[in-house]
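Enquirer: Let me begin by handing over the structure; questions about it come next.
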Amino acid sequence: MALPAADLPGDAAGDRENLAELSHLPAQRHLRRHLGYRDNVYPGDVFLANDPYNGYSCHPPDWGFFRPIFYRDKVAFWTLARAHVEDTGAAFPGAYFSDPYDIHSEGILIPGVKVIEKGKEQRDILRLIWNNVRLSEGVRIDCYAMIAATTVAEQRLTELIEKYGIDTVEHCISVMQDRTERRQCTPAFRR
C-alpha cells in the first residue's frame, strides 16, 4: 500500500486522506496525528504501530510497518505493510481474545515507534516487543517479512517515479483512491 505523503508527518502538501485500502480505512486516517516523528523522518526509517487508541488499527493484533519514500530529499509517499500477527502477548495465547476486560488484556500496545532508523535496526526496541509475545519467533519472522515488503514497495515506487515522473504517479494513486472510495466505502466513511 502506498500513501501520499500528505497523510503522515513530514509533508505540508495538503489534506488528502490515505490510500483506500478498505479494511482499516477509518482507523488509518488518524495515524498521521499519532506517529510522533514529524521532524526527524529519514530515508531508511521504518515505524511500527498497532495501538487502536493512537489511531493505528482496529485491534492490537493488526501490526503495521510504515516506511517513508523520499523524492528529492522530501517525503513523497509512505508505504505500509500490515498483517495480523499470531500472538500479541494478550491474556490468552493467540491473536483473538473474545472477551477482553480491557485493552491491555488484548496484548502489547505499540503507539508508533521507529524500529529502523536511517537503515539501522533498533534492536533493543524489537527485543522488547518480541519479549512480550508468546510466539516470538513466528512474530519476529512476520515482522521481518513486513519490513521487507515495505522495502520492495519503496523500490518499485521509486522505479515508477523515475520512469513516469512524480506528478503522474501521484495522479494515478489519487485516481485509485477515488475509485476505491466510490465503489467500496459506505457513506459513513466517505469524506
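By order of appearance in the C-alpha cells: chains A, B, ..., then residues from 1 within every chain, and ligands from 1 in the order shown.
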For A:Leu109, list every protein, DNA or RNA residue within 8 Å, evaluated using only C-alpha atoms, and leave out those in the same chain fewer than 6 positions away; present the list as a ChimeraX atom specification.
Expert: /A:49-51,60
Enquirer: Can you write out the residues you just picked, keeping C-alpha atoms, as a short mmCIF file (atom, residue, chain, number, x, y, z; two decimals), in the first residue's frame?
Expert:
data_model
loop_
_atom_site.label_atom_id
_atom_site.label_comp_id
_atom_site.auth_asym_id
_atom_site.auth_seq_id
_atom_site.Cartn_x
_atom_site.Cartn_y
_atom_site.Cartn_z
CA ALA A 49 2.31 0.68 15.24
CA ASN A 50 -0.66 -1.35 16.45
CA ASP A 51 -2.36 0.74 19.14
CA PRO A 60 -3.86 -4.91 18.73
#
Enquirer: Just want the 8 Å neighbourhood of stretch 126-139 of chain A, counted on only C-alpha atoms, with same-chain residues fewer than 6 positions away dropped. Output as a list in words.
Expert: Val85, Glu86, Asp87, Thr88, Gly89, Ala90, Pro93, Gly107, Ile108 and Val115 of chain A
Enquirer: Just to confirm, what's the straight-line distance from atom CA of A:Phe65 to atom CA of A:Phe77 in Å (one decimal)?
Expert: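 Pair atom CA of A:Phe65 / atom CA of A:Phe77 returns 13.7 Å.
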Enquirer: For A:Phe47, which residue among A:Ile141, A:Val169, A:Ile110, A:Val175 is the nearest when counting only C-alpha atoms?
Expert: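 Using only C-alpha atoms, the shortest distance to A:Phe47 belongs to A:Ile110.
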